[in-house]
file query_8.cif (mmCIF, C-alpha atoms)
data_final
loop_
_atom_site.label_atom_id
_atom_site.label_comp_id
_atom_site.auth_asym_id
_atom_site.auth_seq_id
_atom_site.Cartn_x
_atom_site.Cartn_y
_atom_site.Cartn_z
CA MET C 129 38.59 -44.76 -21.96
CA ILE C 130 39.16 -48.26 -20.70
CA GLU C 131 37.86 -50.93 -22.98
CA ASP C 132 35.81 -53.76 -21.64
CA GLY C 133 37.95 -56.47 -23.21
CA THR C 134 40.09 -58.87 -21.21
CA LEU C 135 43.82 -59.19 -21.28
CA ALA C 136 43.48 -62.55 -22.93
CA HIS C 137 41.96 -60.88 -25.95
CA SER C 138 44.79 -58.38 -26.11
CA LEU C 139 47.38 -61.10 -25.62
CA SER C 140 45.96 -63.24 -28.39
CA ASN C 141 48.02 -61.37 -30.91
CA LEU C 142 51.21 -62.30 -29.07
CA THR C 143 50.57 -66.03 -28.85
CA LEU C 144 51.07 -68.94 -31.11
CA ASN C 145 48.16 -71.23 -31.40
CA ASN C 146 50.05 -74.34 -30.57
CA ASN C 147 47.78 -77.04 -29.19
CA GLU C 148 50.40 -79.78 -29.04
CA GLY C 149 51.08 -81.46 -25.73
CA GLU C 150 48.97 -79.10 -23.75
CA ASP C 151 45.99 -79.35 -21.50
CA PRO C 152 42.77 -80.14 -23.42
CA SER C 153 41.00 -77.23 -21.62
CA GLY C 154 43.15 -74.89 -23.64
CA PHE C 155 44.64 -73.18 -20.69
CA ARG C 156 48.13 -73.65 -21.90
CA ALA C 157 47.15 -74.18 -25.44
CA ALA C 158 48.40 -70.81 -26.40
CA VAL C 159 51.56 -69.71 -24.64
CA PRO C 160 52.81 -66.22 -25.36
CA LEU C 161 56.05 -66.00 -27.14
CA GLY C 162 58.83 -65.29 -24.76
CA PHE C 163 56.64 -65.32 -21.61
CA SER C 164 56.90 -67.77 -18.82
CA SER C 165 53.81 -69.29 -17.24
CA VAL C 166 54.38 -67.31 -14.04
CA LEU C 167 54.49 -64.13 -16.01
CA TYR C 168 51.41 -65.21 -17.92
CA ASP C 169 49.61 -65.87 -14.60
CA GLU C 170 50.63 -62.43 -13.32
CA VAL C 171 49.31 -60.81 -16.46
CA ALA C 172 46.00 -62.71 -16.10
CA LYS C 173 45.79 -61.68 -12.44
CA SER C 174 46.46 -58.06 -13.39
CA ASP C 175 43.75 -58.38 -16.03
CA ARG C 176 41.22 -59.52 -13.39
CA VAL C 177 42.28 -56.71 -11.02
CA LEU C 178 41.92 -54.23 -13.87
CA GLU C 179 38.45 -55.58 -14.73
CA GLU C 180 37.38 -55.30 -11.05
CA PHE C 181 38.73 -51.76 -10.93
CA VAL C 182 36.84 -50.89 -14.11
CA SER C 183 33.59 -52.34 -12.72
CA ARG C 184 34.03 -50.52 -9.38
CA THR C 185 34.81 -47.32 -11.24
CA LYS C 186 31.69 -47.76 -13.41
CA GLU C 187 29.59 -48.31 -10.29
CA LYS C 188 31.02 -45.18 -8.67
CA VAL C 189 30.45 -43.21 -11.87
CA GLU C 190 26.82 -44.37 -11.92
CA GLN C 191 26.45 -43.51 -8.23
CA ILE C 192 27.91 -40.04 -8.86
CA LYS C 193 25.55 -39.61 -11.84
CA ARG C 194 22.55 -40.54 -9.65
CA GLN C 195 23.71 -38.12 -6.95
CA ASN C 196 24.24 -35.41 -9.53
CA ARG C 197 20.81 -36.07 -11.05
CA SER C 198 19.14 -35.84 -7.61
CA GLY C 199 21.20 -32.73 -6.80
CA VAL C 200 20.24 -31.19 -10.14
CA GLU C 201 16.58 -32.04 -9.49
CA ARG C 202 16.76 -30.44 -6.03
CA GLU C 203 18.48 -27.38 -7.43
CA SER C 204 15.96 -27.25 -10.26
CA GLU C 205 13.12 -27.31 -7.71
CA ASN C 206 14.88 -24.58 -5.71
CA VAL C 207 15.32 -22.52 -8.88
CA GLN C 208 11.61 -22.98 -9.68
CA VAL C 209 10.64 -21.79 -6.18
CA LEU C 210 12.99 -18.82 -6.52
CA LEU C 211 11.56 -18.00 -9.96
CA GLN C 212 8.05 -18.09 -8.49
CA ASP C 213 9.17 -15.84 -5.64
CA LEU C 214 10.77 -13.51 -8.18
CA ALA C 215 7.55 -13.42 -10.22
CA GLU C 216 5.56 -12.61 -7.06
CA ILE C 217 8.00 -9.85 -6.14
CA ARG C 218 7.74 -8.44 -9.68
CA ARG C 219 3.93 -8.47 -9.40
CA LYS C 220 4.16 -6.65 -6.06
CA ILE C 221 6.58 -4.11 -7.55
CA ALA C 222 4.20 -3.57 -10.48
CA THR C 223 1.28 -3.11 -8.06
CA VAL C 224 3.28 -0.64 -5.98
CA GLN C 225 4.32 1.19 -9.14
CA ASP C 226 0.69 1.34 -10.31
CA ASN C 227 -0.37 2.64 -6.87
CA LYS C 228 2.46 5.16 -6.99
CA ASP C 229 1.40 6.31 -10.45
CA SER C 230 -2.25 6.60 -9.43
CA ARG C 231 -1.28 8.54 -6.29
CA ARG C 232 0.90 10.80 -8.39
CA LEU C 233 -2.09 11.41 -10.67
CA GLN C 234 -4.30 12.04 -7.64
CA LYS C 235 -1.72 14.43 -6.24
CA THR C 236 -1.51 16.22 -9.57
CA GLY C 237 -5.31 16.43 -9.68
CA LEU C 238 -5.47 17.71 -6.11
CA GLU C 239 -2.77 20.29 -6.84
CA ARG C 240 -4.72 21.39 -9.92
CA ASP C 241 -7.92 21.63 -7.85
CA ARG C 242 -6.04 23.52 -5.13
CA SER C 243 -4.64 26.02 -7.62
CA THR C 244 -8.11 26.44 -9.14
CA VAL C 245 -9.65 27.07 -5.70
CA LEU C 246 -6.86 29.50 -4.79
CA THR C 247 -7.29 31.34 -8.08
CA ASP C 248 -11.06 31.50 -7.57
CA CYS C 249 -10.55 32.74 -4.02
CA LYS C 250 -8.09 35.38 -5.14
CA ASN C 251 -10.42 36.53 -7.89
CA SER C 252 -13.68 36.35 -5.94
CA LEU C 253 -12.45 37.32 -2.48
CA PRO C 254 -12.23 41.12 -3.02
CA ARG C 255 -15.65 41.17 -4.67
CA ARG C 256 -17.13 39.04 -1.88
CA VAL C 257 -15.52 41.26 0.78
CA ALA C 258 -17.00 44.31 -0.93
CA GLU C 259 -20.43 42.66 -1.00
CA LEU C 260 -20.13 41.75 2.68
CA LYS C 261 -19.12 45.31 3.54
CA GLN C 262 -22.12 46.66 1.63
CA ASP C 263 -24.41 44.18 3.40
CA GLU C 264 -22.90 45.14 6.74
CA ALA C 265 -23.32 48.85 6.06
CA MET C 266 -26.93 48.31 4.97
CA HIS C 267 -27.66 46.30 8.11
CA ARG C 268 -26.04 48.98 10.26
CA ARG C 269 -28.22 51.65 8.65
CA ARG C 270 -31.34 49.54 9.20
CA ALA C 271 -30.33 48.82 12.79
CA GLU C 272 -29.69 52.51 13.39
CA MET C 273 -33.06 53.40 11.91
CA LYS C 274 -34.78 50.77 14.07
CA ARG C 275 -32.95 52.04 17.18
CA GLU C 276 -34.03 55.61 16.42
CA GLU C 277 -37.60 54.52 15.87
CA LYS C 278 -37.57 52.51 19.09
CA ARG C 279 -36.13 55.50 20.98
CA ARG C 280 -38.93 57.72 19.72
CA VAL C 281 -41.55 55.14 20.70
CA GLU C 282 -39.95 54.83 24.15
CA GLU C 283 -39.97 58.57 24.54
CA CYS C 284 -43.62 58.62 23.71
CA LYS C 285 -44.33 55.87 26.17
CA GLU C 286 -42.47 57.50 28.97
CA ILE C 287 -44.96 59.19 31.22
CA THR C 288 -43.47 60.34 34.43
CA ARG C 289 -45.28 60.81 37.71
CA GLN C 290 -44.86 64.47 37.34
CA ASP C 291 -46.61 64.38 33.97
CA LEU C 292 -49.46 62.41 35.45
CA THR C 293 -49.75 64.75 38.43
CA TRP C 294 -49.78 67.77 36.19
CA GLY C 295 -52.44 66.08 34.00
CA VAL C 296 -54.69 65.38 37.00
CA ILE C 297 -54.37 68.99 38.11
CA GLN C 298 -55.39 70.18 34.68
CA TYR C 299 -58.38 67.82 34.62
CA LYS C 300 -59.52 69.15 38.02
CA ARG C 301 -59.40 72.71 36.73
CA LEU C 302 -61.60 71.66 33.86
CA GLY C 303 -64.02 70.06 36.27
CA CYS C 304 -63.07 66.41 35.94
CA ASP C 305 -62.17 64.39 38.95
CA VAL C 306 -59.98 61.25 38.53
CA ILE C 307 -60.77 58.48 41.00
CA GLY C 308 -58.68 55.24 41.12
CA ILE C 309 -60.81 52.13 41.48
CA ASN C 310 -57.94 49.67 41.56
CA GLN C 311 -54.40 49.73 40.28
CA GLN C 312 -55.32 49.37 36.63
CA ILE C 313 -58.68 51.07 36.37
CA THR C 314 -59.36 54.75 36.96
CA ARG C 315 -62.66 56.57 36.69
CA ILE C 316 -63.24 60.14 35.69
CA SER C 317 -66.20 61.94 37.13
CA PHE C 318 -67.30 65.39 36.11
CA THR C 319 -67.86 67.81 38.94
CA LYS C 320 -68.77 71.04 37.06
#

call {"tool": "encode", "arguments": {"input": "query_8.cif", "output": "structure tokens"}}
result
Amino acid sequence: MIEDGTLAHSLSNLTLNNNEGEDPSGFRAAVPLGFSSVLYDEVAKSDRVLEEFVSRTKEKVEQIKRQNRSGVERESENVQVLLQDLAEIRRKIATVQDNKDSRRLQKTGLERDRSTVLTDCKNSLPRRVAELKQDEAMHRRRAEMKREEKRRVEECKEITRQDLTWGVIQYKRLGCDVIGINQQITRISFTK
């Protein structure tokens, strides 16, 4: 680390404090032992150059610190945004995982319901088929009975022309005459 002191301070140990015959300002009051004035001037000039270099270096260091601080602040803000994005992504992942778990539970429930329905169908299907066959057989018997009854009624209703002619002939033998008044009404008159 470069100290902030001047060369004059460091050279004070090498000088004699001899104030005789010198300038009252004290410029040459202390002359270093064994150094010429030209050399002393060069050392003073080097001291000023060194002090300027130190001040420029300090300014650059401060400038770099400010840049680093602003860069760190920007990066810190970027990290905060990324952390917020990460938290949002984690929330979405948790939501998706919850949905996945609930769907898995729903699927398990549906599979359980499906197996229950299949079991019920397997157990009740033969009995239901037997009931349906019994119902079908009973309805067939009833239908057959109704058909037979209808056939008998139709047979009774069937009066052919021949039957009617034969009936009229028989009525005439008995002494009854059948006279048609119109198509629906007939009149019987007794002749004997």

call {"tool": "atom_distance", "arguments": {"input": "query_8.cif", "atom1": "CA of Glu170 in chain C", "atom2": "CA of Val189 in chain C"}}
result
27.9 Å

call {"tool": "residues_around", "arguments": {"input": "query_8.cif", "residues": "range 293-300 of chain C", "least_positions_apart": "6", "cutoff": "9 Å", "atoms": "all atoms listed in the file", "output": "list in words"}}
result
Val306, Phe318 and Thr319 of chain C

call {"tool": "atom_distance", "arguments": {"input": "query_8.cif", "atom1": "CA of Ser230 in chain C", "atom2": "CA of Gln212 in chain C"}}
result
26.8 Å

call {"tool": "atom_distance", "arguments": {"input": "query_8.cif", "atom1": "CA of Asp226 in chain C", "atom2": "CA of Val245 in chain C"}}
result
28.1 Å

call {"tool": "build_atoms", "arguments": {"input": "query_8.cif", "residues": "range 285-296 of chain C", "atoms": "all heavy atoms", "output": "short mmCIF file (atom, residue, chain, number, x, y, z; two decimals), in the coordinates of the input"}}
result
data_model
loop_
_atom_site.label_atom_id
_atom_site.label_comp_id
_atom_site.auth_asym_id
_atom_site.auth_seq_id
_atom_site.Cartn_x
_atom_site.Cartn_y
_atom_site.Cartn_z
N LYS C 285 -43.76 56.70 25.12
CA LYS C 285 -44.33 55.87 26.17
C LYS C 285 -43.98 56.38 27.56
O LYS C 285 -44.69 56.10 28.51
CB LYS C 285 -43.83 54.43 26.04
CG LYS C 285 -44.46 53.64 24.94
CD LYS C 285 -43.91 52.23 24.99
CE LYS C 285 -44.52 51.36 23.94
NZ LYS C 285 -43.96 50.01 23.97
N GLU C 286 -42.92 57.08 27.65
CA GLU C 286 -42.47 57.50 28.97
C GLU C 286 -43.40 58.59 29.51
O GLU C 286 -43.47 59.68 28.98
CB GLU C 286 -41.04 58.04 28.91
CG GLU C 286 -39.99 56.97 28.94
CD GLU C 286 -38.60 57.57 29.06
OE1 GLU C 286 -38.44 58.67 29.58
OE2 GLU C 286 -37.69 56.89 28.60
N ILE C 287 -44.10 58.22 30.51
CA ILE C 287 -44.96 59.19 31.22
C ILE C 287 -44.49 59.18 32.65
O ILE C 287 -44.56 58.15 33.32
CB ILE C 287 -46.44 58.81 31.12
CG1 ILE C 287 -46.87 58.77 29.66
CG2 ILE C 287 -47.29 59.77 31.93
CD1 ILE C 287 -48.28 58.28 29.46
N THR C 288 -44.01 60.28 33.07
CA THR C 288 -43.47 60.34 34.43
C THR C 288 -44.60 60.65 35.40
O THR C 288 -45.70 61.05 35.03
CB THR C 288 -42.40 61.43 34.53
OG1 THR C 288 -42.98 62.67 34.26
CG2 THR C 288 -41.25 61.13 33.58
N ARG C 289 -44.32 60.51 36.67
CA ARG C 289 -45.28 60.81 37.71
C ARG C 289 -45.63 62.30 37.70
O ARG C 289 -46.77 62.69 37.92
CB ARG C 289 -44.69 60.41 39.05
CG ARG C 289 -45.67 60.56 40.18
CD ARG C 289 -45.08 60.09 41.42
NE ARG C 289 -45.01 58.63 41.36
CZ ARG C 289 -44.76 57.86 42.38
NH1 ARG C 289 -44.49 58.36 43.54
NH2 ARG C 289 -44.74 56.56 42.26
N GLN C 290 -44.64 63.03 37.39
CA GLN C 290 -44.86 64.47 37.34
C GLN C 290 -45.85 64.82 36.24
O GLN C 290 -46.73 65.65 36.41
CB GLN C 290 -43.53 65.17 37.10
CG GLN C 290 -43.63 66.68 37.16
CD GLN C 290 -42.27 67.31 36.93
OE1 GLN C 290 -41.31 66.65 36.66
NE2 GLN C 290 -42.23 68.62 37.08
N ASP C 291 -45.69 64.13 35.08
CA ASP C 291 -46.61 64.38 33.97
C ASP C 291 -48.03 63.99 34.36
O ASP C 291 -49.00 64.70 34.05
CB ASP C 291 -46.20 63.60 32.73
CG ASP C 291 -44.90 64.11 32.12
OD1 ASP C 291 -44.55 65.28 32.37
OD2 ASP C 291 -44.21 63.33 31.40
N LEU C 292 -48.13 62.86 35.05
CA LEU C 292 -49.46 62.41 35.45
C LEU C 292 -50.07 63.38 36.50
O LEU C 292 -51.25 63.71 36.43
CB LEU C 292 -49.39 60.99 36.03
CG LEU C 292 -49.14 59.86 35.02
CD1 LEU C 292 -48.96 58.56 35.75
CD2 LEU C 292 -50.27 59.79 34.03
N THR C 293 -49.26 63.82 37.41
CA THR C 293 -49.75 64.75 38.43
C THR C 293 -50.21 66.05 37.76
O THR C 293 -51.28 66.58 38.07
CB THR C 293 -48.64 65.03 39.45
OG1 THR C 293 -48.18 63.80 39.97
CG2 THR C 293 -49.14 65.90 40.58
N TRP C 294 -49.44 66.55 36.89
CA TRP C 294 -49.78 67.77 36.19
C TRP C 294 -51.06 67.58 35.39
O TRP C 294 -51.93 68.42 35.33
CB TRP C 294 -48.60 68.19 35.30
CG TRP C 294 -48.84 69.49 34.61
CD1 TRP C 294 -48.72 70.72 35.17
CD2 TRP C 294 -49.26 69.68 33.28
NE1 TRP C 294 -49.03 71.70 34.29
CE2 TRP C 294 -49.36 71.05 33.08
CE3 TRP C 294 -49.54 68.84 32.21
CZ2 TRP C 294 -49.75 71.62 31.87
CZ3 TRP C 294 -49.92 69.42 31.01
CH2 TRP C 294 -50.01 70.78 30.85
N GLY C 295 -51.23 66.39 34.77
CA GLY C 295 -52.44 66.08 34.00
C GLY C 295 -53.67 66.04 34.89
O GLY C 295 -54.74 66.54 34.54
N VAL C 296 -53.56 65.47 36.08
CA VAL C 296 -54.69 65.38 37.00
C VAL C 296 -55.08 66.78 37.45
O VAL C 296 -56.27 67.12 37.55
CB VAL C 296 -54.33 64.48 38.21
CG1 VAL C 296 -55.37 64.58 39.31
CG2 VAL C 296 -54.16 63.04 37.75
#
